[in-house]
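**Q** Data: target_1.csv, CSV, C-alpha atoms and all ligand atoms.
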chain,number,residue,atom,x,y,z
B,1,MET,CA,24.1,31.3,-3.4
B,2,ILE,CA,22.2,29.0,-5.8
B,3,GLN,CA,18.6,30.0,-6.6
B,4,LEU,CA,16.2,28.1,-8.8
B,5,LYS,CA,13.1,30.1,-9.8
B,6,ASP,CA,10.0,28.4,-11.3
B,7,ILE,CA,12.1,25.7,-13.0
B,8,VAL,CA,10.1,23.6,-15.4
B,9,VAL,CA,11.9,20.6,-17.2
B,10,LYS,CA,10.3,18.5,-19.9
B,11,PHE,CA,11.5,15.3,-21.6
B,12,ASP,CA,9.4,15.5,-24.8
B,13,ASP,CA,5.8,15.6,-23.6
B,14,PHE,CA,6.6,14.5,-20.1
B,15,GLU,CA,7.0,17.3,-17.5
B,16,ALA,CA,9.5,16.0,-15.0
B,17,LEU,CA,9.7,19.2,-12.9
B,18,HIS,CA,6.8,21.5,-12.3
B,19,SER,CA,7.9,24.9,-11.1
B,20,ILE,CA,10.7,24.1,-8.7
B,21,ASN,CA,11.8,26.9,-6.3
B,22,VAL,CA,14.8,26.5,-4.1
B,23,HIS,CA,17.3,28.9,-2.6
B,24,VAL,CA,20.5,27.3,-1.3
B,25,ARG,CA,22.5,29.5,1.0
B,26,GLU,CA,26.3,30.0,1.1
B,27,GLY,CA,28.0,27.3,3.1
B,28,GLU,CA,24.9,25.2,3.5
B,29,PHE,CA,24.6,21.4,3.3
B,30,PHE,CA,21.4,21.2,1.4
B,31,THR,CA,19.7,17.8,0.5
B,32,PHE,CA,17.2,16.9,-2.2
B,33,LEU,CA,15.3,13.9,-0.7
B,34,GLY,CA,12.5,11.8,-2.2
B,35,PRO,CA,11.6,8.5,-3.7
B,36,SER,CA,13.1,7.2,-7.0
B,37,GLY,CA,11.8,9.1,-10.0
B,38,CYS,CA,10.6,12.2,-8.2
B,39,GLY,CA,13.0,14.6,-10.0
B,40,LYS,CA,16.0,14.9,-7.7
B,41,THR,CA,18.6,14.1,-10.3
B,42,THR,CA,16.9,16.2,-12.9
B,43,THR,CA,16.9,19.2,-10.6
B,44,LEU,CA,20.6,18.7,-9.9
B,45,ARG,CA,21.4,18.3,-13.6
B,46,THR,CA,19.6,21.6,-14.2
B,47,ILE,CA,21.9,23.2,-11.6
B,48,THR,CA,25.1,21.7,-13.0
B,49,GLY,CA,24.1,22.5,-16.6
B,50,PHE,CA,23.5,19.1,-18.2
B,51,ILE,CA,19.8,20.0,-18.6
B,52,GLU,CA,18.3,23.2,-19.8
B,53,PRO,CA,14.9,24.1,-18.3
B,54,VAL,CA,12.0,25.0,-20.7
B,55,SER,CA,11.3,27.9,-18.3
B,56,GLY,CA,12.6,29.3,-15.1
B,57,THR,CA,16.0,30.5,-14.1
B,58,VAL,CA,19.1,29.4,-12.2
B,59,HIS,CA,21.1,32.0,-10.4
B,60,MET,CA,24.5,31.5,-8.8
B,61,GLN,CA,25.9,34.2,-6.6
B,62,GLY,CA,23.3,36.6,-8.0
B,63,GLU,CA,24.2,35.9,-11.7
B,64,ASP,CA,21.8,34.2,-14.1
B,65,ILE,CA,23.6,31.0,-15.2
B,66,THR,CA,20.6,29.3,-16.8
B,67,HIS,CA,22.3,29.2,-20.2
B,68,VAL,CA,25.9,29.2,-19.1
B,69,PRO,CA,27.7,26.0,-20.3
B,70,ILE,CA,28.7,23.3,-17.7
B,71,GLU,CA,32.4,23.9,-17.8
B,72,GLN,CA,32.0,27.6,-17.0
B,73,ARG,CA,29.8,27.1,-14.0
B,74,ASN,CA,32.5,26.3,-11.4
B,75,ILE,CA,30.6,23.4,-9.9
B,76,GLY,CA,32.2,20.2,-8.6
B,77,ILE,CA,30.2,17.0,-9.2
B,78,VAL,CA,30.3,13.6,-7.5
B,79,PHE,CA,28.2,10.8,-9.0
B,80,GLN,CA,26.8,7.6,-7.7
B,81,SER,CA,29.0,5.6,-10.0
B,82,TYR,CA,32.4,7.1,-9.3
B,83,ALA,CA,33.0,8.0,-13.0
B,84,LEU,CA,36.7,7.8,-12.4
B,85,PHE,CA,39.3,6.6,-15.0
B,86,PRO,CA,39.9,3.1,-13.7
B,87,THR,CA,43.3,2.5,-15.3
B,88,MET,CA,44.8,5.9,-14.4
B,89,THR,CA,46.4,6.4,-11.0
B,90,VAL,CA,44.5,8.0,-8.2
B,91,HIS,CA,46.9,10.9,-8.5
B,92,ASP,CA,46.2,11.4,-12.2
B,93,ASN,CA,42.4,11.1,-11.6
B,94,ILE,CA,42.6,13.9,-9.1
B,95,ALA,CA,44.9,16.0,-11.2
B,96,PHE,CA,42.8,15.6,-14.3
B,97,GLY,CA,40.6,18.8,-13.8
B,98,LEU,CA,43.7,20.8,-13.0
B,99,LYS,CA,45.5,19.7,-16.2
B,100,ILE,CA,42.4,20.7,-18.2
B,101,LYS,CA,42.6,24.1,-16.6
B,102,LYS,CA,46.3,24.2,-17.7
B,103,LEU,CA,47.8,24.7,-14.3
B,104,LYS,CA,51.6,24.4,-14.0
B,105,LYS,CA,53.0,21.1,-12.8
B,106,PRO,CA,54.3,22.3,-9.3
B,107,GLU,CA,51.0,23.9,-8.6
B,108,ILE,CA,49.1,20.7,-9.6
B,109,GLU,CA,51.4,18.6,-7.4
B,110,GLU,CA,50.8,21.0,-4.5
B,111,LYS,CA,47.0,21.0,-4.8
B,112,VAL,CA,46.7,17.2,-5.3
B,113,LYS,CA,48.9,16.6,-2.2
B,114,THR,CA,46.8,19.0,-0.1
B,115,ILE,CA,43.5,17.6,-1.1
B,116,ALA,CA,44.7,14.0,-0.7
B,117,ARG,CA,45.7,14.7,2.8
B,118,LYS,CA,42.3,16.2,3.6
B,119,VAL,CA,40.4,13.3,2.4
B,120,ASP,CA,42.7,10.8,4.0
B,121,LEU,CA,44.4,9.3,0.9
B,122,SER,CA,48.0,8.3,1.5
B,123,ASP,CA,50.9,8.8,-0.9
B,124,GLU,CA,50.9,5.0,-1.5
B,125,GLN,CA,47.3,5.1,-2.5
B,126,LEU,CA,47.9,8.1,-4.8
B,127,ALA,CA,50.3,6.0,-6.8
B,128,LYS,CA,47.8,3.1,-7.2
B,129,ALA,CA,45.5,2.5,-10.1
B,130,VAL,CA,41.9,3.5,-9.2
B,131,SER,CA,40.7,-0.1,-10.0
B,132,GLN,CA,42.9,-1.4,-7.1
B,133,LEU,CA,41.0,0.6,-4.5
B,134,SER,CA,37.9,-0.4,-2.6
B,135,GLY,CA,34.5,1.3,-3.3
B,136,GLY,CA,34.8,3.6,-0.3
B,137,GLN,CA,38.3,4.7,-1.3
B,138,GLN,CA,37.2,5.2,-4.9
B,139,GLN,CA,34.4,7.5,-3.7
B,140,ARG,CA,37.0,9.4,-1.6
B,141,VAL,CA,39.0,9.9,-4.8
B,142,ALA,CA,35.9,11.1,-6.6
B,143,ILE,CA,35.3,13.6,-3.8
B,144,ALA,CA,38.9,14.8,-3.9
B,145,ARG,CA,38.7,15.2,-7.7
B,146,ALA,CA,35.6,17.3,-7.3
B,147,LEU,CA,37.1,19.5,-4.6
B,148,VAL,CA,40.6,20.0,-6.0
B,149,THR,CA,39.5,22.6,-8.6
B,150,GLU,CA,38.1,24.7,-5.7
B,151,PRO,CA,34.5,24.9,-7.0
B,152,ALA,CA,32.1,27.4,-5.5
B,153,ILE,CA,29.7,24.6,-4.9
B,154,ILE,CA,29.7,20.8,-4.9
B,155,CYS,CA,26.8,18.6,-6.1
B,156,MET,CA,26.6,15.0,-5.1
B,157,ASP,CA,24.1,12.5,-6.6
B,158,GLU,CA,23.6,9.5,-4.3
B,159,PRO,CA,27.4,9.2,-3.8
B,160,LEU,CA,27.1,6.5,-1.1
B,161,SER,CA,24.4,4.3,-2.5
B,162,ASN,CA,26.8,1.8,-4.1
B,163,LEU,CA,28.6,1.1,-0.8
B,164,ASP,CA,27.6,-1.4,1.9
B,165,ALA,CA,25.7,-0.3,5.0
B,166,LYS,CA,28.6,0.1,7.4
B,167,LEU,CA,30.9,1.9,5.0
B,168,ARG,CA,28.0,4.2,4.0
B,169,VAL,CA,27.7,5.4,7.6
B,170,GLN,CA,31.4,5.8,8.0
B,171,LEU,CA,31.8,7.8,4.8
B,172,ARG,CA,28.7,9.8,5.6
B,173,ASN,CA,30.4,11.0,8.8
B,174,GLU,CA,33.6,11.8,7.0
B,175,LEU,CA,31.7,13.6,4.3
B,176,LYS,CA,30.0,15.8,6.9
B,177,LYS,CA,33.3,16.5,8.6
B,178,MET,CA,34.9,17.4,5.3
B,179,GLN,CA,32.0,19.7,4.4
B,180,ARG,CA,32.3,21.6,7.7
B,181,GLU,CA,36.1,21.9,7.3
B,182,PHE,CA,35.9,23.2,3.7
B,183,GLY,CA,32.8,25.2,4.4
B,184,ILE,CA,31.8,24.5,0.8
B,185,THR,CA,28.1,24.9,-0.3
B,186,THR,CA,26.9,21.4,-0.9
B,187,ILE,CA,23.9,20.0,-2.7
B,188,TYR,CA,23.3,16.4,-1.9
B,189,VAL,CA,20.8,14.0,-3.5
B,190,THR,CA,19.5,10.9,-1.7
B,191,HIS,CA,16.5,8.7,-1.3
B,192,ASP,CA,17.7,7.7,2.2
B,193,GLN,CA,15.9,9.6,4.9
B,194,GLU,CA,18.5,8.8,7.6
B,195,GLU,CA,21.3,10.2,5.4
B,196,ALA,CA,19.2,13.3,4.8
B,197,LEU,CA,18.5,13.8,8.5
B,198,THR,CA,22.0,13.2,9.7
B,199,LEU,CA,23.9,15.3,7.1
B,200,SER,CA,21.7,18.3,6.2
B,201,ASP,CA,21.4,21.8,7.3
B,202,ARG,CA,18.2,21.9,5.3
B,203,ILE,CA,16.2,19.4,3.2
B,204,ALA,CA,13.9,19.7,0.3
B,205,VAL,CA,11.4,16.8,0.1
B,206,PHE,CA,10.5,16.0,-3.5
B,207,ASN,CA,7.4,14.2,-4.8
B,208,LYS,CA,6.4,13.7,-8.4
B,209,GLY,CA,8.3,16.7,-9.7
B,210,TYR,CA,7.2,19.0,-6.9
B,211,ILE,CA,8.8,20.1,-3.7
B,212,GLU,CA,6.5,19.3,-0.8
B,213,GLN,CA,8.5,21.0,1.9
B,214,ILE,CA,11.8,22.7,2.6
B,215,GLY,CA,13.1,22.9,6.1
B,216,THR,CA,15.7,21.8,8.7
B,217,PRO,CA,15.8,18.1,9.6
B,218,ASN,CA,13.8,18.9,12.8
B,219,GLU,CA,11.1,20.9,10.9
B,220,ILE,CA,10.8,18.1,8.3
B,221,TYR,CA,10.5,15.4,10.9
B,222,ASN,CA,8.5,17.0,13.7
B,223,HIS,CA,6.5,19.5,11.7
B,224,SER,CA,5.9,17.6,8.4
B,225,LYS,CA,3.7,19.8,6.3
B,226,THR,CA,2.0,17.1,4.3
B,227,GLU,CA,1.1,13.4,4.8
B,228,PHE,CA,3.6,12.5,2.1
B,229,VAL,CA,6.4,14.1,4.0
B,230,ALA,CA,5.4,12.7,7.3
B,231,ASN,CA,5.3,9.2,5.8
B,232,PHE,CA,8.5,9.5,3.8
B,233,ILE,CA,10.7,10.9,6.5
B,234,GLY,CA,9.7,8.4,9.2
B,235,ASP,CA,7.0,5.9,10.2
B,236,ILE,CA,3.6,7.1,11.4
B,237,ASN,CA,0.4,5.6,12.8
B,238,PRO,CA,-2.8,6.6,11.0
B,239,LEU,CA,-5.3,7.3,13.8
B,240,GLY,CA,-8.6,5.4,13.6
B,241,ALA,CA,-12.0,6.6,14.8
B,242,GLY,CA,-11.4,5.4,18.4
B,243,VAL,CA,-8.4,7.6,18.9
B,244,VAL,CA,-9.8,10.5,16.9
B,245,GLN,CA,-12.9,10.6,19.1
B,246,GLY,CA,-10.9,10.1,22.2
B,247,LEU,CA,-8.7,13.1,21.4
B,248,LYS,CA,-11.7,15.1,20.1
B,249,LEU,CA,-10.0,15.7,16.8
B,250,PRO,CA,-12.1,16.8,13.7
B,251,ALA,CA,-13.6,13.7,12.2
B,252,ASP,CA,-13.0,14.9,8.6
B,253,GLY,CA,-9.2,15.2,8.9
B,254,HIS,CA,-6.4,12.6,8.5
B,255,HIS,CA,-4.5,12.3,11.8
B,256,PHE,CA,-1.2,10.6,12.5
B,257,VAL,CA,1.2,10.1,15.4
B,258,ARG,CA,4.9,9.0,15.2
B,259,LEU,CA,5.8,5.7,16.7
B,260,GLU,CA,8.1,7.0,19.4
B,261,ARG,CA,5.5,9.5,20.6
B,262,VAL,CA,3.0,6.8,21.8
B,263,ARG,CA,3.5,6.2,25.5
B,264,VAL,CA,3.3,2.6,26.9
B,265,ASN,CA,2.3,2.0,30.5
B,266,ARG,CA,3.0,5.5,31.8
B,267,PRO,CA,1.0,7.5,34.3
B,268,GLN,CA,-1.7,9.5,32.5
B,269,GLU,CA,-0.8,13.1,31.8
B,270,ALA,CA,-3.1,16.1,31.3
B,271,ASP,CA,-4.9,16.1,27.9
B,272,GLU,CA,-3.6,12.6,27.2
B,273,PHE,CA,-5.9,10.0,25.6
B,274,GLN,CA,-5.3,6.5,27.1
B,275,ALA,CA,-6.6,3.2,26.0
B,276,ARG,CA,-6.1,-0.4,27.2
B,277,GLY,CA,-4.4,-2.6,24.7
B,278,VAL,CA,-2.7,-6.0,24.1
B,279,ILE,CA,0.7,-6.6,22.6
B,280,GLN,CA,0.3,-8.5,19.3
B,281,SER,CA,3.9,-8.8,18.3
B,282,ARG,CA,7.2,-7.1,18.7
B,283,GLU,CA,10.5,-6.6,16.8
B,284,TYR,CA,13.6,-6.5,18.9
B,285,TYR,CA,16.2,-4.0,17.5
B,286,GLY,CA,18.6,-3.8,20.5
B,287,LEU,CA,18.6,-0.1,20.8
B,288,TYR,CA,14.8,0.0,20.8
B,289,ILE,CA,11.9,-2.4,20.6
B,290,LYS,CA,9.0,-2.0,18.2
B,291,TYR,CA,5.6,-3.2,19.4
B,292,TYR,CA,2.4,-3.8,17.5
B,293,ILE,CA,-0.4,-3.1,20.0
B,294,GLU,CA,-4.1,-3.7,19.5
B,295,ALA,CA,-5.8,-0.8,21.1
B,296,ALA,CA,-8.8,1.6,20.6
B,297,GLY,CA,-10.0,-0.6,17.7
B,298,GLN,CA,-6.7,-0.4,15.7
B,299,THR,CA,-3.1,-1.6,15.5
B,300,VAL,CA,-0.8,1.0,17.1
B,301,LYS,CA,2.9,0.7,16.3
B,302,VAL,CA,5.1,1.9,19.1
B,303,ILE,CA,8.8,2.3,19.5
B,304,GLU,CA,10.1,2.0,23.1
B,305,LYS,CA,13.7,2.7,24.2
B,306,ASN,CA,15.2,-0.6,25.4
B,307,ASP,CA,15.8,0.0,29.1
B,308,GLY,CA,16.3,-3.7,29.8
B,309,ILE,CA,13.5,-3.7,32.3
B,310,ASN,CA,10.2,-2.7,30.8
B,311,ILE,CA,10.1,-5.3,28.0
B,312,TYR,CA,6.7,-6.6,27.0
B,313,GLU,CA,5.7,-10.0,25.5
B,314,PRO,CA,3.0,-10.8,23.0
B,315,GLY,CA,-0.3,-11.2,25.0
B,316,ASP,CA,0.7,-8.6,27.7
B,317,SER,CA,-1.9,-6.1,28.6
B,318,VAL,CA,-0.7,-2.5,28.4
B,319,THR,CA,-1.9,1.1,28.3
B,320,VAL,CA,-1.2,3.3,25.3
B,321,GLY,CA,-1.2,7.1,25.7
B,322,ILE,CA,-1.3,9.7,23.0
B,323,HIS,CA,-0.9,13.5,23.5
B,324,PRO,CA,-3.0,15.8,21.3
B,325,GLN,CA,0.1,18.0,20.6
B,326,ASP,CA,1.9,15.0,19.1
B,327,VAL,CA,-0.8,14.4,16.5
B,328,MET,CA,-0.1,15.5,12.9
B,329,SER,CA,-3.2,16.4,11.0
B,330,TYR,CA,-3.7,16.9,7.2
B,401,LIG,N1,16.7,11.7,-20.1
B,401,LIG,C1,15.4,11.5,-19.7
B,401,LIG,N2,14.5,11.2,-20.7
B,401,LIG,C2,13.2,10.9,-20.3
B,401,LIG,N3,12.7,10.9,-19.1
B,401,LIG,C3,13.6,11.1,-18.1
B,401,LIG,C4,15.0,11.4,-18.4
B,401,LIG,N4,15.6,11.6,-17.2
B,401,LIG,C5,14.7,11.5,-16.2
B,401,LIG,N5,13.5,11.2,-16.7
B,401,LIG,C6,12.2,11.0,-16.0
B,401,LIG,O1,12.0,12.1,-15.2
B,401,LIG,C7,11.5,11.7,-13.9
B,401,LIG,C8,12.5,12.2,-12.8
B,401,LIG,O2,13.7,11.5,-12.9
B,401,LIG,P1,15.0,11.7,-12.0
B,401,LIG,O3,15.2,13.2,-11.9
B,401,LIG,O4,16.1,10.9,-12.5
B,401,LIG,O5,14.4,11.1,-10.6
B,401,LIG,P2,15.2,10.8,-9.2
B,401,LIG,O6,16.6,11.3,-9.4
B,401,LIG,O7,14.5,11.5,-8.2
B,401,LIG,O8,15.1,9.3,-9.1
B,401,LIG,C9,11.4,10.2,-13.9
B,401,LIG,O9,10.0,9.9,-14.3
B,401,LIG,C10,12.3,9.8,-15.0
B,401,LIG,O10,11.9,8.6,-15.7
B,402,MG,MG,18.4,10.1,-9.3
Kindly transcribe the structure held in the file into structure tokens.

**A**
Amino acid sequence: MIQLKDIVVKFDDFEALHSINVHVREGEFFTFLGPSGCGKTTTLRTITGFIEPVSGTVHMQGEDITHVPIEQRNIGIVFQSYALFPTMTVHDNIAFGLKIKKLKKPEIEEKVKTIARKVDLSDEQLAKAVSQLSGGQQQRVAIARALVTEPAIICMDEPLSNLDAKLRVQLRNELKKMQREFGITTIYVTHDQEEALTLSDRIAVFNKGYIEQIGTPNEIYNHSKTEFVANFIGDINPLGAGVVQGLKLPADGHHFVRLERVRVNRPQEADEFQARGVIQSREYYGLYIKYYIEAAGQTVKVIEKNDGINIYEPGDSVTVGIHPQDVMSY
């Protein structure tokens, strides 16, 4: 559907993207994930046509669009700041792209109505000025405006990051539902790992202008290819000499285990390394509890499901167990 081949982007002497290769498939929800400044927006802007790469190509449905102007690319765009016209009505904001395309009035009315219904905007809201709507509603308008021209693909750059936490989760779920319903190929940019994991069919993890790994949420999380990916997508314990020796791991590697994979006070299983430890402190999250345990000469962070029964206090003596197959080595 969309294919980037060996894309290099420079801003004067600064190389922001070093040979980016991505192939987004038809109908896919594909996310660019990474910390601030790693090149997500630059890659997206190369796809939409705001930036021309110094080398490499962009193909869309098999056709080379590297030098095709933005307005001929048939791509819908949703930004972090909604980039709506605040004094115009919601209706006119959504209709804007259709007017530019010189569609006839009845056709515009029909399309605006249909899309408004799909993104849950009422007739009453359509008549309001955009500035009268809440942030979440404004972002819904921005999404409607991007979808109404029936683009082949939609690109969203951190569309939820200006919203408060609760609304972000709510709109995230709606976004996913909408994407499934429309079946539209979506490229989504975020620095939020939870957003990436919950929304995406596949994720590309960016770091300093490179892609470190492309994979499904499960591949990225459970089979992180690099230490950077393992660390960025979730919390990990670096394993010290005590555990490394206990598990007979190569001493020259870097070894890690995820917090929820460490077992507390469970019967020892085959291959498992166990060590006695003492709870140093804990953080109570409700759904789960995070413990800091001094064991095997290091602090081991552990996440335990809150079952309401096995809850440990600082000073409690416990056993921690780690399976060799849960260790990620780099
Ligand atoms: N127009 C620009 N001029 C100069 N440097 C830029 C420009 N846009 C982005 N950069 C730089 O390119 C790098 C990648 O930026 P960006 O793609 O915006 O990162 P992200 O979206 O992942 O936060 C950063 O170091 C940023 O400072
Ligand atoms: Mg950005």

**Q** Please give me, as a PyMOL selection string, the residues lying within 7 Å of ligand LIG 401 (chain B) when counting only C-alpha atoms and all ligand atoms.

**A** chain B and resi 11+16+34-43+209

**Q** Go ahead and dump the residues you just picked, C-alpha atoms, as a JSON list (two decimals), keeping the file's coordinate frame.

**A**
[["chain", "number", "residue", "atom", "x", "y", "z"],
["B", 11, "PHE", "CA", 11.50, 15.30, -21.60],
["B", 16, "ALA", "CA", 9.50, 16.00, -15.00],
["B", 34, "GLY", "CA", 12.50, 11.80, -2.20],
["B", 35, "PRO", "CA", 11.60, 8.50, -3.70],
["B", 36, "SER", "CA", 13.10, 7.20, -7.00],
["B", 37, "GLY", "CA", 11.80, 9.10, -10.00],
["B", 38, "CYS", "CA", 10.60, 12.20, -8.20],
["B", 39, "GLY", "CA", 13.00, 14.60, -10.00],
["B", 40, "LYS", "CA", 16.00, 14.90, -7.70],
["B", 41, "THR", "CA", 18.60, 14.10, -10.30],
["B", 42, "THR", "CA", 16.90, 16.20, -12.90],
["B", 43, "THR", "CA", 16.90, 19.20, -10.60],
["B", 209, "GLY", "CA", 8.30, 16.70, -9.70]]

**Q** List the spatial neighbours of Lys99 (chain B) as a PyMOL selection string - criterion: any atom at most 12 Å away, only C-alpha atoms, same-chain residues fewer than 6 positions off excluded.

**A** chain B and resi 91-93+105-109+111-112+145+148-149

**Q** Quote the spacing between CA of Phe96 (chain B) and CA of Phe182 (chain B) in Å to one decimal place.

**A** 20.7 Å

**Q** With distances taken over only C-alpha atoms, which of B:Leu147, B:Met88, B:Leu17, B:Ala129 is nearest to Met178 (chain B)?

**A**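 When distances to Met178 (chain B) are compared using only C-alpha atoms, the smallest one comes from B:Leu147.
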
**Q** What is the distance, in Å and to one decimal place, between CA of Glu272 (chain B) and CA of Gly253 (chain B)?

**A** 19.3 Å

**Q** Distance CA of Gly286 (chain B)-CA of Asp192 (chain B), one decimal place?

**A**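 Interatomic distance here is 21.6 Å.
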
**Q** Write out as a PyMOL selection string the residues lying within 6 Å of Ile203 (chain B), counting all atoms listed in the file and excluding same-chain residues fewer than 3 positions away.

**A** chain B and resi 30-31+214-215

**Q** Rank nothing, just name the residue among B:Asp307, B:Glu212, B:Asp157, B:Glu52 nearest to ligand MG 402 (chain B), using all atoms listed in the file.

**A**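 Of B:Asp307, B:Glu212, B:Asp157, B:Glu52, the one nearest ligand MG 402 (chain B), counting all atoms listed in the file, is B:Asp157.
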
**Q** Kindly add N, CA, C and O atoms to the incomplete region 34-50 of chain B and provide the output as an mmCIF file, in the coordinates of the input.

**A**
data_model
loop_
_atom_site.group_PDB
_atom_site.id
_atom_site.type_symbol
_atom_site.label_atom_id
_atom_site.label_comp_id
_atom_site.auth_asym_id
_atom_site.auth_seq_id
_atom_site.Cartn_x
_atom_site.Cartn_y
_atom_site.Cartn_z
ATOM 1 N N GLY B 34 13.816 12.289 -1.679
ATOM 2 C CA GLY B 34 12.500 11.800 -2.200
ATOM 3 C C GLY B 34 12.697 10.450 -2.825
ATOM 4 O O GLY B 34 13.819 9.978 -3.021
ATOM 5 N N PRO B 35 11.564 9.796 -3.135
ATOM 6 C CA PRO B 35 11.600 8.500 -3.700
ATOM 7 C C PRO B 35 12.187 8.476 -5.120
ATOM 8 O O PRO B 35 12.291 9.542 -5.733
ATOM 9 N N SER B 36 12.513 7.319 -5.637
ATOM 10 C CA SER B 36 13.100 7.200 -7.000
ATOM 11 C C SER B 36 12.080 7.789 -8.005
ATOM 12 O O SER B 36 10.877 7.572 -7.910
ATOM 13 N N GLY B 37 12.610 8.576 -8.938
ATOM 14 C CA GLY B 37 11.800 9.100 -10.000
ATOM 15 C C GLY B 37 11.068 10.407 -9.724
ATOM 16 O O GLY B 37 10.268 10.874 -10.532
ATOM 17 N N CYS B 38 11.361 11.026 -8.570
ATOM 18 C CA CYS B 38 10.600 12.200 -8.200
ATOM 19 C C CYS B 38 11.226 13.517 -8.745
ATOM 20 O O CYS B 38 10.647 14.590 -8.610
ATOM 21 N N GLY B 39 12.424 13.426 -9.340
ATOM 22 C CA GLY B 39 13.000 14.600 -10.000
ATOM 23 C C GLY B 39 14.242 15.178 -9.321
ATOM 24 O O GLY B 39 14.686 16.277 -9.666
ATOM 25 N N LYS B 40 14.842 14.444 -8.395
ATOM 26 C CA LYS B 40 16.000 14.900 -7.700
ATOM 27 C C LYS B 40 17.203 15.136 -8.653
ATOM 28 O O LYS B 40 17.818 16.197 -8.694
ATOM 29 N N THR B 41 17.505 14.071 -9.400
ATOM 30 C CA THR B 41 18.600 14.100 -10.300
ATOM 31 C C THR B 41 18.404 15.181 -11.399
ATOM 32 O O THR B 41 19.313 15.938 -11.753
ATOM 33 N N THR B 42 17.178 15.245 -11.904
ATOM 34 C CA THR B 42 16.900 16.200 -12.900
ATOM 35 C C THR B 42 17.089 17.645 -12.421
ATOM 36 O O THR B 42 17.647 18.488 -13.127
ATOM 37 N N THR B 43 16.711 17.907 -11.174
ATOM 38 C CA THR B 43 16.900 19.200 -10.600
ATOM 39 C C THR B 43 18.440 19.507 -10.461
ATOM 40 O O THR B 43 18.913 20.588 -10.803
ATOM 41 N N LEU B 44 19.178 18.493 -10.003
ATOM 42 C CA LEU B 44 20.600 18.700 -9.900
ATOM 43 C C LEU B 44 21.294 18.902 -11.209
ATOM 44 O O LEU B 44 22.182 19.759 -11.327
ATOM 45 N N ARG B 45 20.836 18.174 -12.214
ATOM 46 C CA ARG B 45 21.400 18.300 -13.600
ATOM 47 C C ARG B 45 21.069 19.680 -14.175
ATOM 48 O O ARG B 45 21.775 20.168 -15.048
ATOM 49 N N THR B 46 19.974 20.256 -13.717
ATOM 50 C CA THR B 46 19.600 21.600 -14.200
ATOM 51 C C THR B 46 20.582 22.621 -13.536
ATOM 52 O O THR B 46 20.988 23.593 -14.170
ATOM 53 N N ILE B 47 20.963 22.355 -12.293
ATOM 54 C CA ILE B 47 21.900 23.200 -11.600
ATOM 55 C C ILE B 47 23.301 23.125 -12.237
ATOM 56 O O ILE B 47 23.955 24.126 -12.509
ATOM 57 N N THR B 48 23.731 21.868 -12.508
ATOM 58 C CA THR B 48 25.100 21.700 -13.000
ATOM 59 C C THR B 48 25.174 22.075 -14.509
ATOM 60 O O THR B 48 26.265 22.349 -14.997
ATOM 61 N N GLY B 49 24.046 22.083 -15.217
ATOM 62 C CA GLY B 49 24.100 22.500 -16.600
ATOM 63 C C GLY B 49 23.933 21.442 -17.637
ATOM 64 O O GLY B 49 24.035 21.697 -18.825
ATOM 65 N N PHE B 50 23.690 20.196 -17.203
ATOM 66 C CA PHE B 50 23.500 19.100 -18.200
ATOM 67 C C PHE B 50 22.100 19.207 -18.815
ATOM 68 O O PHE B 50 21.873 18.668 -19.891
#
